[in-house]
Structures are given as C-alpha cells and as structure tokens.
Amino acid sequence: MHSVSTLGYMVFGVNDLAAWEAFAVNVLGLQAGRRVPGESLGLRMDDYEQRILLVRNDLDDFLAAGWEFESDAELEAFVVQTRAQGIDVAEADAEVAEQRRVSRLFVCCDPDGIRHEFYCGAYRTTSRDTFRSSVLRGAFSTGRLGAGHFVTVPRQSAPARAFCERVLGLKLSDSINGDAAPGVNLDVAFFHARTGRHHSLAIADVPFPVHKRIHHVMVECVDPNDVGLAYDRCKQAGVPILMELGHHPNDQMFSFYMISPSGFAIEFGAGGIVVDDATWEVKRYAELSDWGHKLNPPPGPAAGTAQ
Ligand SMILES: [Fe+2]
C-alpha cells in the first residue's frame with residue numbers, strides 16, 4: 001500500500017494575523033517567512049520555506065494537513081490508489097501550490113471537512129538563509145519526522161479512523177483511555193506515518209463539545225530546556241496554559257499545552273520517540289500522563305486572543 005511519508009506542514013485559518021505573528025515568533029520561537037500582507041504568513045521551523053501557513057480566515061481553526069511524498073512517482077501512485085478507493089482527489093492549481101511552497105499538490109477532504117493535502121518538492125531556503133529563532137536555544141525537531149502532530153476531535157471516530165488507516169496509510173502506534181481530570185475521560189488513538197514520529201495524527205473521543213476541528217497541534221524542540229523556557233514565556237506574556245508541564249507514557253513527550261490566539265491548543269514538547277515498525281508493539285495505556293499535565297480551568301472570554 002502507498003502511504004504518506006510524513007506530516008510536512010500545517011495550515012491554520014486565523015482571524016487575527018498580527019496576534020498570531022507575535023505569538024508564533026515571540027512565544028513559540030518560529031521565524032516569520034513569506035508574507036502576503038493582510039492575507040497570509042508563512043512560519044519557518046527549519047530549512048523548509050514554511051512549515052506552518054497562516055491564512056486570514058474567520059473560521060479561526062485548523063484548515064489543512066500537508067502530507068509529504070519523496071518523489072513525483074510516489075505521489076502519483078498514492079493519488080491513483082486513493083481515487084480507486086472512491087475518494088475525490090483533485091490536483092490543486094499552481095497558485096495554491098505556490099502558496100504552500102511546494103512543486104506539486106493534490107487535495108481531498110476527510111469525513112469531518114479537514115483538507116488533506118498531498119505534495120512533493122517542498123521549497124527549501126538557501127544556505128545563506130538558515131533558520132533563526134529569536135527565542136529558541138536549540139532547534140525544532142523536524143526533518144524526516146515532519147512539522148509535528150495534530151489531534152482531531154471528529155464527530156464520529158470510526159470513519160475518521162478508517163480514513164486515517166485506509167486512505168492515508170497511517171499505522172496505529174497505541175491508544176490511551178484515561179482521565180484528563182476527574183470525570184473527564186478521553187479515548188485517543190495515535191497514528192504514525194512512514195518516517196516514524198510516534199504520532200503525526202491522533203483521533204480523540206472526548207465527552208465534552210469541542211468548538212474547533214482539533215484539540216491541539218504539537219511542535220517539538222530538541223532541547224528540553226526550550227520547553228521550560230517556552231513555558232516561562234507564556235507566563236510572562238499572559239498566554240493561557242491549558243495543561244501544565246507533564247509527561248506522556250506512550251510517546252514519552254515532556255510538554256505543556258498553551259492556548260493559541262485561535263482558541264485551539266498548542267502542545268510544546270521535547271523527547272518524543274520514533275517508531276520502528278520492525279519491532280513496534282501496539283499497546284493500550286490507562287493514563288494520559290504519567291506525571292503532570294494538570295488541566296487548568298477554562299480561561300476567561302478574552303483568553304483566546306491573549307498574547
Ligand atoms: Fe499531543
């Protein structure tokens with residue numbers, strides 16, 4: 001079966017580009033890249049021209065996942081396979097591919113309306129334009145592992161999971177059925193792509209209404225000190241913390257969760273493991289975190305736009 005290689009980029013539709021730029025650069029430590037004033041802003045994490053694209057959009061939500069392929073041939077074979085499954089996959093026009101900073105791009109939608117984009121030929125920066133963060137001590141963990149992960153909260157988990165496994169070709173890493181807080185039970189299935197980041201996509205069944213398509217996205221840094229430094233930056237800037245510092249038992253991620261200007265959460269972590277399919281055993285865990293990750297009460301009405 002042809003499957004996606006890694007989650008290469010993410011697209012967020014945001015209603016306040018200026019607030020997002022300040023948050024992304026000063027708190028997360030991303031670097032501002034290609035800008036179309038009033039319309040979009042590319043954010044860099046490494047030598048890709050962009051890993052996160054912010055597009056002005058009143059949805060204020062996750063718009064698209066960009067799945068990478070290593071060659072045209074690999075991408076084309078995947079598209080043929082996906083169309084044979086009855087999925088409507090369209091080739092994006094040159095303007096959209098250019099906005100995503102990739103040479104070739106196909107698009108489809110999943111059962112919950114999230115766009116899945118399949119590409120090859122991501123634009124890279126020149127050696128004279130290496131990634132620079134104004135606040136990060138080390139680097140983001142990207143490369144073959146991609147931009148990070150995202151966790152969806154589908155209306156129904158069965159079709160979402162079928163899309164994940166049968167269309168994208170992701171494999172189950174493990175699952176957790178545990179309490180985020182007393183009486184708040186979550187059932188989460190974690191899926192990895194070919195290059196092995198523990199999960200590029202997870203599907204969460206939650207017992208409360210979520211007003212966004214995702215629960216959170218995750219970006220990972222190499223130096224665990226950068227997690228603590230990012231936590232301090234959030235406190236100083238008044239960015240709400242959804243979950244305090246903690247550690248997940250499955251992907252071994254040391255992280256905390258902050259609330260982005262769009263209201264969905266961002267997990268900022270280090271230490272996530274890489275899956276080797278040759279030796280991996282799928283497990284089921286009974287707790288979301290082996291320590292920490294204390295869930296804070298929901299922030300006040302202004303919190304979603306706080307810096
Ligand atoms: Fe996560």
# chains A, B, ... in the order shown; residues from 1 in each chain; ligands from 1
$ closest_atom_pairs --of "region 2-97 of chain A" --to "region 211-230 of chain A" --cutoff "7 Å" --atoms "only C-alpha atoms" --output "JSON lines"
{"residue": "A:Val27", "atom": "CA", "partner": "A:Ala230", "partner_atom": "CA", "distance": 6.4}
{"residue": "A:Leu28", "atom": "CA", "partner": "A:Ala230", "partner_atom": "CA", "distance": 6.7}
{"residue": "A:Asp61", "atom": "CA", "partner": "A:Lys212", "partner_atom": "CA", "distance": 6.0}
{"residue": "A:Phe62", "atom": "CA", "partner": "A:Arg213", "partner_atom": "CA", "distance": 6.4}
$ residues_near_ligand --ligand "ligand 1" --cutoff "12 Å" --atoms "only C-alpha atoms and all ligand atoms" --output "PyMOL selection string"
chain A and resi 148-152+188-191+197-204+214-220+243+246-258+265-270+272+288-289+293
$ closest_residue --among "A:Ala147, A:Ile241, A:Val135, A:Ala73" --to "Gly121 (chain A)" --atoms "only C-alpha atoms"
A:Ala73
$ closest_atom_pairs --of "region 113-201 of chain A" --to "region 281-287 of chain A" --cutoff "6 Å" --atoms "only C-alpha atoms" --output "JSON lines"
{"residue": "A:Ser173", "atom": "CA", "partner": "A:Val282", "partner_atom": "CA", "distance": 5.6}
{"residue": "A:Asp174", "atom": "CA", "partner": "A:Lys283", "partner_atom": "CA", "distance": 5.0}
{"residue": "A:Ser175", "atom": "CA", "partner": "A:Arg284", "partner_atom": "CA", "distance": 4.9}
{"residue": "A:Ile176", "atom": "CA", "partner": "A:Tyr285", "partner_atom": "CA", "distance": 4.6}
{"residue": "A:Asn177", "atom": "CA", "partner": "A:Ala286", "partner_atom": "CA", "distance": 5.2}
{"residue": "A:Gly178", "atom": "CA", "partner": "A:Glu287", "partner_atom": "CA", "distance": 4.5}
$ write_last_selection --atoms "C-alpha atoms" --output "PDB file, in the first residue's frame"
ATOM      1  CA  SER A 173       1.003   3.355  17.428  1.00  0.00           C
ATOM      2  CA  ASP A 174      -1.075   2.837  20.566  1.00  0.00           C
ATOM      3  CA  SER A 175      -4.148   4.145  22.334  1.00  0.00           C
ATOM      4  CA  ILE A 176      -4.960   5.716  25.669  1.00  0.00           C
ATOM      5  CA  ASN A 177      -8.218   5.574  27.552  1.00  0.00           C
ATOM      6  CA  GLY A 178      -7.766   7.761  30.595  1.00  0.00           C
TER       7      GLY A 178
END
$ residues_around --residues "region 80-82 of chain A" --least-positions-apart "2" --cutoff "9 Å" --atoms "only C-alpha atoms" --output "list in words"
Met1, His2, Leu75, Glu76, Ala77, Phe78, Ala84, Gln85, Gly86, Ile87, Asp88, Val89, Arg166, Val167 and Leu168 of chain A
$ select_by_dssp --residues "region 67-239 of chain A" --states "alpha helix (DSSP H)" --output "compact mmCIF listing (two decimals) with N, CA, C and O atoms, in the first residue's frame"
# COMPACT_ATOMS: atom_id res chain seq x y z
N ASP A 72 7.75 12.54 -7.26
CA ASP A 72 6.55 12.65 -8.08
C ASP A 72 5.89 11.29 -8.27
O ASP A 72 4.66 11.16 -8.17
N ALA A 73 6.73 10.28 -8.52
CA ALA A 73 6.21 8.93 -8.79
C ALA A 73 5.45 8.39 -7.58
O ALA A 73 4.36 7.81 -7.72
N GLU A 74 6.02 8.61 -6.41
CA GLU A 74 5.38 8.15 -5.17
C GLU A 74 4.03 8.86 -4.95
O GLU A 74 3.03 8.25 -4.59
N LEU A 75 4.05 10.16 -5.20
CA LEU A 75 2.83 10.97 -5.04
C LEU A 75 1.75 10.51 -6.03
O LEU A 75 0.59 10.32 -5.65
N GLU A 76 2.16 10.31 -7.29
CA GLU A 76 1.18 9.91 -8.31
C GLU A 76 0.58 8.53 -7.99
O GLU A 76 -0.62 8.32 -8.15
N ALA A 77 1.42 7.61 -7.55
CA ALA A 77 0.93 6.26 -7.21
C ALA A 77 -0.08 6.34 -6.07
O ALA A 77 -1.10 5.65 -6.07
N PHE A 78 0.17 7.20 -5.10
CA PHE A 78 -0.74 7.37 -3.97
C PHE A 78 -2.08 7.94 -4.45
O PHE A 78 -3.15 7.49 -4.02
N VAL A 79 -2.01 8.92 -5.34
CA VAL A 79 -3.25 9.56 -5.84
C VAL A 79 -4.09 8.53 -6.61
O VAL A 79 -5.32 8.46 -6.44
N VAL A 80 -3.44 7.72 -7.44
CA VAL A 80 -4.16 6.68 -8.20
C VAL A 80 -4.85 5.72 -7.22
O VAL A 80 -6.03 5.38 -7.37
N GLN A 81 -4.11 5.29 -6.21
CA GLN A 81 -4.65 4.37 -5.21
C GLN A 81 -5.85 4.98 -4.47
O GLN A 81 -6.88 4.33 -4.25
N THR A 82 -5.73 6.25 -4.12
CA THR A 82 -6.79 6.91 -3.35
C THR A 82 -8.04 7.11 -4.19
O THR A 82 -9.17 6.92 -3.72
N ARG A 83 -7.86 7.48 -5.47
CA ARG A 83 -9.02 7.62 -6.36
C ARG A 83 -9.71 6.28 -6.56
O ARG A 83 -10.94 6.22 -6.65
N ALA A 84 -8.93 5.21 -6.61
CA ALA A 84 -9.51 3.87 -6.77
C ALA A 84 -10.36 3.48 -5.56
O ALA A 84 -11.23 2.62 -5.65
N ALA A 94 -1.77 25.92 -9.71
CA ALA A 94 -0.39 26.37 -9.44
C ALA A 94 -0.34 27.44 -8.35
O ALA A 94 0.61 27.50 -7.56
N GLU A 95 -1.39 28.26 -8.29
CA GLU A 95 -1.41 29.35 -7.30
C GLU A 95 -1.42 28.79 -5.86
O GLU A 95 -0.71 29.29 -4.99
N VAL A 96 -2.24 27.75 -5.66
CA VAL A 96 -2.32 27.15 -4.31
C VAL A 96 -1.01 26.43 -3.97
O VAL A 96 -0.48 26.55 -2.87
N ALA A 97 -0.46 25.70 -4.95
CA ALA A 97 0.82 25.02 -4.72
C ALA A 97 1.90 26.04 -4.36
O ALA A 97 2.72 25.82 -3.46
N GLU A 98 1.88 27.17 -5.04
CA GLU A 98 2.86 28.23 -4.79
C GLU A 98 2.68 28.79 -3.37
O GLU A 98 3.65 29.03 -2.65
N GLN A 99 1.44 28.96 -2.95
CA GLN A 99 1.18 29.46 -1.60
C GLN A 99 1.68 28.47 -0.56
O GLN A 99 2.19 28.86 0.49
N ARG A 100 1.55 27.17 -0.84
CA ARG A 100 2.04 26.14 0.08
C ARG A 100 3.54 25.95 -0.03
O ARG A 100 4.12 25.18 0.74
N SER A 157 -15.76 8.73 15.45
CA SER A 157 -14.36 8.30 15.34
C SER A 157 -14.15 7.16 14.34
O SER A 157 -13.08 7.06 13.75
N ALA A 158 -15.17 6.32 14.08
CA ALA A 158 -14.96 5.18 13.18
C ALA A 158 -14.60 5.61 11.75
O ALA A 158 -13.59 5.15 11.20
N PRO A 159 -15.38 6.51 11.11
CA PRO A 159 -14.97 6.93 9.77
C PRO A 159 -13.66 7.72 9.75
O PRO A 159 -12.87 7.60 8.81
N ALA A 160 -13.41 8.49 10.81
CA ALA A 160 -12.15 9.24 10.88
C ALA A 160 -10.98 8.27 10.94
O ALA A 160 -9.95 8.46 10.28
N ARG A 161 -11.14 7.25 11.71
CA ARG A 161 -10.08 6.26 11.86
C ARG A 161 -9.88 5.46 10.55
O ARG A 161 -8.74 5.17 10.16
N ALA A 162 -10.98 5.15 9.89
CA ALA A 162 -10.87 4.43 8.60
C ALA A 162 -10.12 5.28 7.58
O ALA A 162 -9.27 4.79 6.84
N PRO A 224 15.22 19.95 25.89
CA PRO A 224 14.11 20.05 26.85
C PRO A 224 14.08 21.39 27.59
O PRO A 224 13.01 21.83 28.04
N ASN A 225 15.24 22.05 27.70
CA ASN A 225 15.23 23.37 28.35
C ASN A 225 14.34 24.34 27.60
O ASN A 225 13.77 25.27 28.19
N ASP A 226 14.23 24.15 26.28
CA ASP A 226 13.37 25.05 25.49
C ASP A 226 11.90 24.90 25.87
O ASP A 226 11.11 25.82 25.65
N VAL A 227 11.51 23.73 26.40
CA VAL A 227 10.12 23.56 26.85
C VAL A 227 9.88 24.46 28.07
O VAL A 227 8.90 25.19 28.15
N GLY A 228 10.82 24.40 29.02
CA GLY A 228 10.70 25.25 30.21
C GLY A 228 10.77 26.73 29.87
O GLY A 228 10.01 27.54 30.42
N LEU A 229 11.64 27.06 28.93
CA LEU A 229 11.77 28.48 28.53
C LEU A 229 10.48 28.96 27.85
O LEU A 229 10.04 30.09 28.07
N ALA A 230 9.88 28.09 27.03
CA ALA A 230 8.62 28.46 26.37
C ALA A 230 7.51 28.63 27.41
O ALA A 230 6.66 29.52 27.30
N TYR A 231 7.52 27.75 28.42
CA TYR A 231 6.53 27.86 29.50
C TYR A 231 6.68 29.22 30.19
O TYR A 231 5.69 29.92 30.43
N ASP A 232 7.92 29.61 30.49
CA ASP A 232 8.16 30.91 31.13
C ASP A 232 7.69 32.06 30.23
O ASP A 232 7.12 33.05 30.70
N ARG A 233 7.92 31.93 28.93
CA ARG A 233 7.48 32.99 28.00
C ARG A 233 5.96 33.13 28.01
O ARG A 233 5.42 34.22 27.94
N CYS A 234 5.27 31.98 28.08
CA CYS A 234 3.79 32.02 28.14
C CYS A 234 3.34 32.76 29.39
O CYS A 234 2.45 33.62 29.32
N LYS A 235 3.95 32.41 30.52
CA LYS A 235 3.56 33.04 31.79
C LYS A 235 3.77 34.55 31.70
O LYS A 235 2.93 35.34 32.13
N GLN A 236 4.93 34.93 31.15
CA GLN A 236 5.27 36.35 31.08
C GLN A 236 4.36 37.11 30.13
O GLN A 236 3.99 38.25 30.37
N ALA A 237 3.97 36.45 29.03
CA ALA A 237 3.15 37.12 28.02
C ALA A 237 1.65 36.99 28.31
O ALA A 237 0.83 37.53 27.57
$ select_by_dssp --residues "region 225-302 of chain A" --states "strand (DSSP E)" --output "list in words"
Ile241, Leu242, Met243, Glu244, Leu245, Gly246, His247, Phe254, Ser255, Phe256, Tyr257, Met258, Ile259, Ala265, Ile266, Glu267, Phe268, Gly269, Ala270, Lys283, Arg284, Tyr285, Trp291 and Gly292 of chain A
$ residues_around --residues "Thr126 (chain A)" --least-positions-apart "5" --cutoff "12 Å" --atoms "only C-alpha atoms" --output "list in words"
Asp46, Asp47, Tyr48, Glu49 and Phe131 of chain A
$ write_last_selection --atoms "N, CA, C and O atoms" --output "PDB file, in the first residue's frame"
ATOM      1  N   ASP A  46      12.660  25.396  10.179  1.00  0.00           N
ATOM      2  CA  ASP A  46      13.912  24.777   9.739  1.00  0.00           C
ATOM      3  C   ASP A  46      14.233  25.301   8.350  1.00  0.00           C
ATOM      4  O   ASP A  46      13.869  26.429   8.017  1.00  0.00           O
ATOM      5  N   ASP A  47      14.876  24.482   7.509  1.00  0.00           N
ATOM      6  CA  ASP A  47      15.257  24.972   6.177  1.00  0.00           C
ATOM      7  C   ASP A  47      14.139  24.848   5.142  1.00  0.00           C
ATOM      8  O   ASP A  47      14.341  25.164   3.976  1.00  0.00           O
ATOM      9  N   TYR A  48      12.963  24.400   5.528  1.00  0.00           N
ATOM     10  CA  TYR A  48      11.805  24.494   4.629  1.00  0.00           C
ATOM     11  C   TYR A  48      11.358  25.965   4.601  1.00  0.00           C
ATOM     12  O   TYR A  48      11.438  26.643   5.616  1.00  0.00           O
ATOM     13  N   GLU A  49      10.858  26.393   3.442  1.00  0.00           N
ATOM     14  CA  GLU A  49      10.399  27.791   3.380  1.00  0.00           C
ATOM     15  C   GLU A  49       9.257  28.038   4.341  1.00  0.00           C
ATOM     16  O   GLU A  49       9.110  29.135   4.876  1.00  0.00           O
ATOM     17  N   PHE A 131      17.577  28.879   9.246  1.00  0.00           N
ATOM     18  CA  PHE A 131      16.527  29.166  10.227  1.00  0.00           C
ATOM     19  C   PHE A 131      17.111  29.880  11.446  1.00  0.00           C
ATOM     20  O   PHE A 131      18.134  29.480  11.988  1.00  0.00           O
TER      21      PHE A 131
END
$ closest_residue --among "A:Val206, A:Cys109, A:Leu145, A:Ala92" --to "Asn185 (chain A)" --atoms "only C-alpha atoms"
A:Val206
$ residues_around --residues "Asp93 (chain A)" --least-positions-apart "5" --cutoff "9 Å" --atoms "only C-alpha atoms" --output "list in words"
Glu98, Arg104, Leu105 and Phe106 of chain A
$ residues_around --residues "region 52-58 of chain A" --least-positions-apart "3" --cutoff "8 Å" --atoms "only C-alpha atoms" --output "PyMOL selection string"
chain A and resi 9-17+38-44+100+147
$ write_last_selection --atoms "N, CA and C atoms" --output "PDB file, in the first residue's frame"
ATOM      1  N   TYR A   9       3.626  19.891   6.627  1.00  0.00           N
ATOM      2  CA  TYR A   9       3.203  21.243   7.011  1.00  0.00           C
ATOM      3  C   TYR A   9       1.763  21.229   7.517  1.00  0.00           C
ATOM      4  N   MET A  10       1.388  22.343   8.154  1.00  0.00           N
ATOM      5  CA  MET A  10       0.007  22.521   8.619  1.00  0.00           C
ATOM      6  C   MET A  10      -0.469  23.904   8.201  1.00  0.00           C
ATOM      7  N   VAL A  11      -1.762  24.037   7.922  1.00  0.00           N
ATOM      8  CA  VAL A  11      -2.344  25.325   7.549  1.00  0.00           C
ATOM      9  C   VAL A  11      -3.424  25.688   8.564  1.00  0.00           C
ATOM     10  N   PHE A  12      -3.307  26.877   9.135  1.00  0.00           N
ATOM     11  CA  PHE A  12      -4.322  27.369  10.072  1.00  0.00           C
ATOM     12  C   PHE A  12      -5.027  28.570   9.429  1.00  0.00           C
ATOM     13  N   GLY A  13      -6.359  28.585   9.535  1.00  0.00           N
ATOM     14  CA  GLY A  13      -7.118  29.758   9.095  1.00  0.00           C
ATOM     15  C   GLY A  13      -7.381  30.634  10.309  1.00  0.00           C
ATOM     16  N   VAL A  14      -6.786  31.809  10.366  1.00  0.00           N
ATOM     17  CA  VAL A  14      -6.822  32.606  11.599  1.00  0.00           C
ATOM     18  C   VAL A  14      -7.464  33.963  11.337  1.00  0.00           C
ATOM     19  N   ASN A  15      -8.160  34.487  12.348  1.00  0.00           N
ATOM     20  CA  ASN A  15      -8.807  35.782  12.087  1.00  0.00           C
ATOM     21  C   ASN A  15      -7.983  36.974  12.541  1.00  0.00           C
ATOM     22  N   ASP A  16      -6.855  36.741  13.211  1.00  0.00           N
ATOM     23  CA  ASP A  16      -6.002  37.863  13.610  1.00  0.00           C
ATOM     24  C   ASP A  16      -4.545  37.524  13.292  1.00  0.00           C
ATOM     25  N   LEU A  17      -4.136  37.882  12.081  1.00  0.00           N
ATOM     26  CA  LEU A  17      -2.770  37.538  11.636  1.00  0.00           C
ATOM     27  C   LEU A  17      -1.711  38.213  12.496  1.00  0.00           C
ATOM     28  N   GLY A  38      -2.036  41.136   4.906  1.00  0.00           N
ATOM     29  CA  GLY A  38      -3.485  41.031   5.069  1.00  0.00           C
ATOM     30  C   GLY A  38      -4.048  39.687   4.662  1.00  0.00           C
ATOM     31  N   GLU A  39      -3.227  38.818   4.060  1.00  0.00           N
ATOM     32  CA  GLU A  39      -3.747  37.539   3.550  1.00  0.00           C
ATOM     33  C   GLU A  39      -3.131  36.320   4.209  1.00  0.00           C
ATOM     34  N   SER A  40      -1.810  36.283   4.262  1.00  0.00           N
ATOM     35  CA  SER A  40      -1.176  35.057   4.766  1.00  0.00           C
ATOM     36  C   SER A  40       0.223  35.332   5.289  1.00  0.00           C
ATOM     37  N   LEU A  41       0.688  34.398   6.108  1.00  0.00           N
ATOM     38  CA  LEU A  41       2.059  34.474   6.619  1.00  0.00           C
ATOM     39  C   LEU A  41       2.594  33.053   6.772  1.00  0.00           C
ATOM     40  N   GLY A  42       3.739  32.797   6.172  1.00  0.00           N
ATOM     41  CA  GLY A  42       4.415  31.510   6.340  1.00  0.00           C
ATOM     42  C   GLY A  42       5.293  31.567   7.578  1.00  0.00           C
ATOM     43  N   LEU A  43       5.345  30.439   8.305  1.00  0.00           N
ATOM     44  CA  LEU A  43       6.188  30.370   9.501  1.00  0.00           C
ATOM     45  C   LEU A  43       7.210  29.253   9.317  1.00  0.00           C
ATOM     46  N   ARG A  44       8.427  29.550   9.691  1.00  0.00           N
ATOM     47  CA  ARG A  44       9.516  28.595   9.493  1.00  0.00           C
ATOM     48  C   ARG A  44       9.915  27.908  10.796  1.00  0.00           C
ATOM     49  N   ARG A 100       1.551  27.171  -0.841  1.00  0.00           N
ATOM     50  CA  ARG A 100       2.038  26.135   0.084  1.00  0.00           C
ATOM     51  C   ARG A 100       3.543  25.952  -0.031  1.00  0.00           C
ATOM     52  N   ALA A 147       6.643  18.322  10.609  1.00  0.00           N
ATOM     53  CA  ALA A 147       6.405  19.557  11.365  1.00  0.00           C
ATOM     54  C   ALA A 147       5.941  19.310  12.799  1.00  0.00           C
TER      55      ALA A 147
END
